[in-house]
Each structure stands twice: as C-alpha cells, then as structure tokens.
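Trainee: Got work20.csv for you, CSV, N, CA and C atoms:
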chain,number,residue,atom,x,y,z
A,10,MET,N,0.8,-1.2,0.0
A,10,MET,CA,0.0,0.0,0.0
A,10,MET,C,0.9,1.2,0.0
A,11,GLY,N,0.6,2.2,-0.9
A,11,GLY,CA,1.4,3.4,-1.0
A,11,GLY,C,1.1,4.4,0.1
A,12,ALA,N,1.9,5.4,0.1
A,12,ALA,CA,1.7,6.5,1.1
A,12,ALA,C,0.5,7.4,0.6
A,13,SER,N,-0.3,7.8,1.6
A,13,SER,CA,-1.4,8.7,1.3
A,13,SER,C,-0.9,10.1,1.0
A,14,GLN,N,-1.8,10.9,0.5
A,14,GLN,CA,-1.4,12.3,0.2
A,14,GLN,C,-1.0,13.0,1.5
A,15,THR,N,-1.7,12.7,2.6
A,15,THR,CA,-1.4,13.3,3.9
A,15,THR,C,0.0,12.9,4.3
A,16,ASP,N,0.4,11.6,4.2
A,16,ASP,CA,1.7,11.2,4.5
A,16,ASP,C,2.8,11.9,3.7
A,17,ILE,N,2.5,12.1,2.4
A,17,ILE,CA,3.4,12.8,1.6
A,17,ILE,C,3.6,14.2,2.0
A,18,GLU,N,2.5,14.9,2.3
A,18,GLU,CA,2.6,16.3,2.8
A,18,GLU,C,3.4,16.4,4.1
A,19,LEU,N,3.1,15.5,5.0
A,19,LEU,CA,3.8,15.5,6.3
A,19,LEU,C,5.2,15.3,6.1
A,20,SER,N,5.6,14.5,5.2
A,20,SER,CA,7.1,14.2,5.0
A,20,SER,C,7.8,15.4,4.4
A,21,LYS,N,7.0,16.3,3.7
A,21,LYS,CA,7.6,17.5,3.1
A,21,LYS,C,7.9,18.5,4.2
A,22,TYR,N,6.9,18.6,5.2
A,22,TYR,CA,7.1,19.6,6.2
A,22,TYR,C,8.0,19.2,7.4
A,23,TRP,N,8.1,17.9,7.7
A,23,TRP,CA,8.8,17.4,8.8
A,23,TRP,C,10.3,18.0,8.9
A,24,PRO,N,11.0,18.0,7.8
A,24,PRO,CA,12.4,18.5,7.9
A,24,PRO,C,12.5,20.0,8.3
A,25,SER,N,11.5,20.7,8.0
A,25,SER,CA,11.6,22.2,8.3
A,25,SER,C,11.3,22.5,9.7
A,26,LEU,N,10.8,21.5,10.5
A,26,LEU,CA,10.4,21.8,11.9
A,26,LEU,C,11.6,21.8,12.8
A,27,SER,N,11.6,22.6,13.8
A,27,SER,CA,12.7,22.5,14.8
A,27,SER,C,12.5,21.3,15.7
A,28,ALA,N,13.5,20.9,16.5
A,28,ALA,CA,13.4,19.8,17.3
A,28,ALA,C,12.2,19.9,18.3
A,29,LYS,N,12.1,21.1,18.8
A,29,LYS,CA,11.0,21.4,19.8
A,29,LYS,C,9.6,21.2,19.1
A,30,GLN,N,9.5,21.7,17.9
A,30,GLN,CA,8.2,21.6,17.2
A,30,GLN,C,7.9,20.1,16.9
A,31,LYS,N,9.0,19.4,16.5
A,31,LYS,CA,8.8,17.9,16.3
A,31,LYS,C,8.3,17.2,17.5
A,32,LYS,N,8.9,17.5,18.6
A,32,LYS,CA,8.6,16.9,19.9
A,32,LYS,C,7.1,17.3,20.3
A,33,SER,N,6.7,18.5,20.1
A,33,SER,CA,5.3,18.9,20.4
A,33,SER,C,4.4,18.2,19.5
A,34,LEU,N,4.7,18.1,18.2
A,34,LEU,CA,3.8,17.4,17.2
A,34,LEU,C,3.7,15.9,17.6
A,35,LEU,N,4.8,15.3,18.0
A,35,LEU,CA,4.8,13.9,18.3
A,35,LEU,C,3.9,13.7,19.6
A,36,GLU,N,4.0,14.6,20.5
A,36,GLU,CA,3.1,14.4,21.7
A,36,GLU,C,1.7,14.6,21.3
A,37,LEU,N,1.4,15.5,20.4
A,37,LEU,CA,0.0,15.6,19.9
A,37,LEU,C,-0.5,14.3,19.3
A,38,ILE,N,0.4,13.8,18.4
A,38,ILE,CA,0.0,12.6,17.7
A,38,ILE,C,-0.2,11.4,18.7
A,39,LYS,N,0.6,11.3,19.7
A,39,LYS,CA,0.5,10.3,20.7
A,39,LYS,C,-0.9,10.5,21.4
A,40,SER,N,-1.3,11.7,21.7
A,40,SER,CA,-2.5,12.0,22.4
A,40,SER,C,-3.7,11.4,21.7
A,41,PHE,N,-3.6,11.4,20.3
A,41,PHE,CA,-4.7,10.9,19.6
A,41,PHE,C,-4.9,9.4,19.7
A,42,SER,N,-3.7,8.7,19.9
A,42,SER,CA,-3.8,7.2,20.0
A,42,SER,C,-4.3,6.8,21.4
A,43,GLN,N,-4.3,7.6,22.4
A,43,GLN,CA,-4.9,7.3,23.7
A,43,GLN,C,-5.7,8.5,24.2
A,44,PRO,N,-6.8,8.8,23.6
A,44,PRO,CA,-7.5,10.0,24.0
A,44,PRO,C,-8.0,9.9,25.5
A,45,GLY,N,-7.7,11.0,26.1
A,45,GLY,CA,-8.1,11.1,27.5
A,45,GLY,C,-7.2,10.5,28.5
A,46,ARG,N,-6.1,9.9,28.0
A,46,ARG,CA,-5.1,9.3,28.9
A,46,ARG,C,-3.8,9.9,28.7
A,47,ILE,N,-3.1,10.2,29.8
A,47,ILE,CA,-1.8,10.7,29.7
A,47,ILE,C,-1.0,9.9,30.8
A,48,SER,N,0.3,9.9,30.6
A,48,SER,CA,1.1,9.2,31.6
A,48,SER,C,1.3,10.1,32.9
A,49,ALA,N,1.7,9.4,33.9
A,49,ALA,CA,2.0,10.2,35.2
A,49,ALA,C,3.1,11.2,34.9
A,50,GLU,N,4.1,10.8,34.1
A,50,GLU,CA,5.1,11.7,33.8
A,50,GLU,C,4.6,13.0,33.1
A,51,GLN,N,3.7,12.8,32.1
A,51,GLN,CA,3.2,13.9,31.3
A,51,GLN,C,2.3,14.8,32.2
A,52,TYR,N,1.5,14.1,33.1
A,52,TYR,CA,0.7,14.8,34.0
A,52,TYR,C,1.5,15.7,34.9
A,53,ASN,N,2.6,15.2,35.5
A,53,ASN,CA,3.4,15.9,36.4
A,53,ASN,C,4.1,17.1,35.6
A,54,LYS,N,4.5,16.8,34.4
A,54,LYS,CA,5.1,17.9,33.6
A,54,LYS,C,4.1,19.0,33.3
A,55,GLU,N,2.9,18.7,33.0
A,55,GLU,CA,1.9,19.7,32.7
A,55,GLU,C,1.6,20.5,34.0
A,56,LEU,N,1.5,19.8,35.1
A,56,LEU,CA,1.3,20.4,36.4
A,56,LEU,C,2.4,21.4,36.8
A,57,ALA,N,3.6,21.0,36.6
A,57,ALA,CA,4.8,21.8,36.8
A,57,ALA,C,4.8,23.1,35.9
A,58,GLU,N,4.4,22.9,34.7
A,58,GLU,CA,4.3,24.0,33.8
A,58,GLU,C,3.2,25.0,34.2
A,59,ALA,N,2.1,24.5,34.6
A,59,ALA,CA,1.0,25.3,35.1
A,59,ALA,C,1.4,26.1,36.3
A,60,GLU,N,2.1,25.4,37.3
A,60,GLU,CA,2.5,26.1,38.5
A,60,GLU,C,3.5,27.2,38.2
A,61,ALA,N,4.4,26.9,37.2
A,61,ALA,CA,5.4,27.9,36.8
A,61,ALA,C,4.7,29.2,36.2
A,62,GLU,N,3.7,28.9,35.4
A,62,GLU,CA,2.9,30.0,34.8
A,62,GLU,C,2.2,30.9,35.9
A,63,TYR,N,1.7,30.2,36.9
A,63,TYR,CA,1.0,30.8,38.0
A,63,TYR,C,2.0,31.7,38.8
A,64,GLU,N,3.1,31.1,39.1
A,64,GLU,CA,4.1,31.8,39.9
A,64,GLU,C,4.7,33.0,39.1
A,65,ALA,N,4.7,32.9,37.8
A,65,ALA,CA,5.2,34.0,36.9
A,65,ALA,C,4.1,35.1,36.7
A,66,GLY,N,2.9,34.9,37.3
A,66,GLY,CA,1.8,35.9,37.2
A,66,GLY,C,1.0,35.7,36.0
A,67,GLU,N,1.1,34.6,35.3
A,67,GLU,CA,0.4,34.4,34.1
A,67,GLU,C,-1.0,33.7,34.4
A,68,HIS,N,-1.8,34.5,35.0
A,68,HIS,CA,-3.2,34.1,35.4
A,68,HIS,C,-4.1,35.3,35.6
A,69,ILE,N,-5.4,35.0,35.7
A,69,ILE,CA,-6.3,36.0,36.0
A,69,ILE,C,-7.2,35.5,37.2
A,70,THR,N,-7.8,36.5,37.9
A,70,THR,CA,-8.6,36.1,39.0
A,70,THR,C,-10.0,35.8,38.5
A,71,SER,N,-10.8,35.2,39.4
A,71,SER,CA,-12.2,34.8,39.0
A,71,SER,C,-13.0,36.1,38.7
A,72,ASP,N,-12.7,37.1,39.4
A,72,ASP,CA,-13.4,38.4,39.1
A,72,ASP,C,-13.1,38.9,37.7
A,73,GLU,N,-11.8,38.8,37.4
A,73,GLU,CA,-11.4,39.3,36.0
A,73,GLU,C,-12.0,38.4,35.0
A,74,MET,N,-12.1,37.1,35.2
A,74,MET,CA,-12.8,36.2,34.3
A,74,MET,C,-14.2,36.5,34.1
A,75,LEU,N,-14.9,36.8,35.2
A,75,LEU,CA,-16.3,37.2,35.1
A,75,LEU,C,-16.5,38.5,34.3
A,76,LYS,N,-15.6,39.4,34.4
A,76,LYS,CA,-15.7,40.6,33.6
A,76,LYS,C,-15.5,40.3,32.1
A,77,LEU,N,-14.6,39.4,31.8
A,77,LEU,CA,-14.4,39.0,30.4
A,77,LEU,C,-15.6,38.3,29.9
A,78,ILE,N,-16.2,37.4,30.7
A,78,ILE,CA,-17.4,36.7,30.2
A,78,ILE,C,-18.6,37.6,29.9
A,79,ARG,N,-18.7,38.6,30.8
A,79,ARG,CA,-19.8,39.6,30.6
A,79,ARG,C,-19.6,40.4,29.3
A,80,GLN,N,-18.4,40.5,28.8
A,80,GLN,CA,-18.1,41.2,27.5
A,80,GLN,C,-18.5,40.3,26.3
A,81,TRP,N,-18.7,39.0,26.5
A,81,TRP,CA,-18.9,38.1,25.4
A,81,TRP,C,-20.3,38.4,24.8
A,82,LYS,N,-21.2,38.9,25.5
A,82,LYS,CA,-22.6,39.1,25.0
A,82,LYS,C,-22.7,40.1,23.9
Can you dump the structure from the file as structure tokens?

Mentor:
Amino acid sequence: MGASQTDIELSKYWPSLSAKQKKSLLELIKSFSQPGRISAEQYNKELAEAEAEYEAGEHITSDEMLKLIRQWK
C-alpha cells in the first residue's frame, strides 16, 4: 500500500520543523492514540508548567474572568 497524500505532505514539512516543534507534534500525535489518557510523567510535567505560569503571574482572578465573560454578550 502506498503513502497517502497526507503522509506525503507531512514528510515535506517534517524536515523544516525545529526539534521542539517535532517533539510537540509527536506528543500531539500520541495523544490521539490514547484519547483522555496521559502518563503520570506527562501529568506531572503539565502540572509543573501550570505552576510555573501561575508563579510568573500568568493568570487572572475569577473576578477578572467574570468581567471578560460579561463582555462576550
């Protein structure tokens, strides 16, 4: 069985991606094979990233979120 058009297109773009982009794309592809399930290692990594964002001030309060929601109307 030959390669699909999608396979061909992916193979064209793959070399132009950085190592970080390739890793991110691979993680995304893996997530499709086990929807809703992540490893404990991935969970801990995501948790650490979220905590780092919070510590860096990259968050909003619930009051700020409510103000944003009210603007959606």

Trainee: Using DSSP on the backbone coordinates, identify the residues of chain A assigned to alpha helix (DSSP H); present them as a PyMOL selection string.

Mentor: chain A and resi 14-22+28-42+49-64+71-80

Trainee: So how far away is CA of Ser40 in chain A from atom C of Trp23 in chain A, in Å?

Mentor: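 Interatomic distance here is 19.5 Å.
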
Trainee: How many Å lie between CA of Leu37 in chain A and CA of Glu55 in chain A, rounded to one decimal?

Mentor: 13.6 Å

Trainee: Work out how far apart atom N of Ala61 in chain A and CA of Ala49 in chain A are and give it in Å to one decimal.

Mentor: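 Distance between the two atoms: 17.0 Å.
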
Trainee: Is it possible to get the axis-aligned box enclosing range 59-74 of chain A (all listed atoms, 4 Å extra per side) as lines of an AutoDock Vina configuration file, with centre and edge lengths in Å rounded to one decimal?

Mentor:
center_x = -4.4
center_y = 31.9
center_z = 37.0
size_x = 27.6
size_y = 22.8
size_z = 13.8
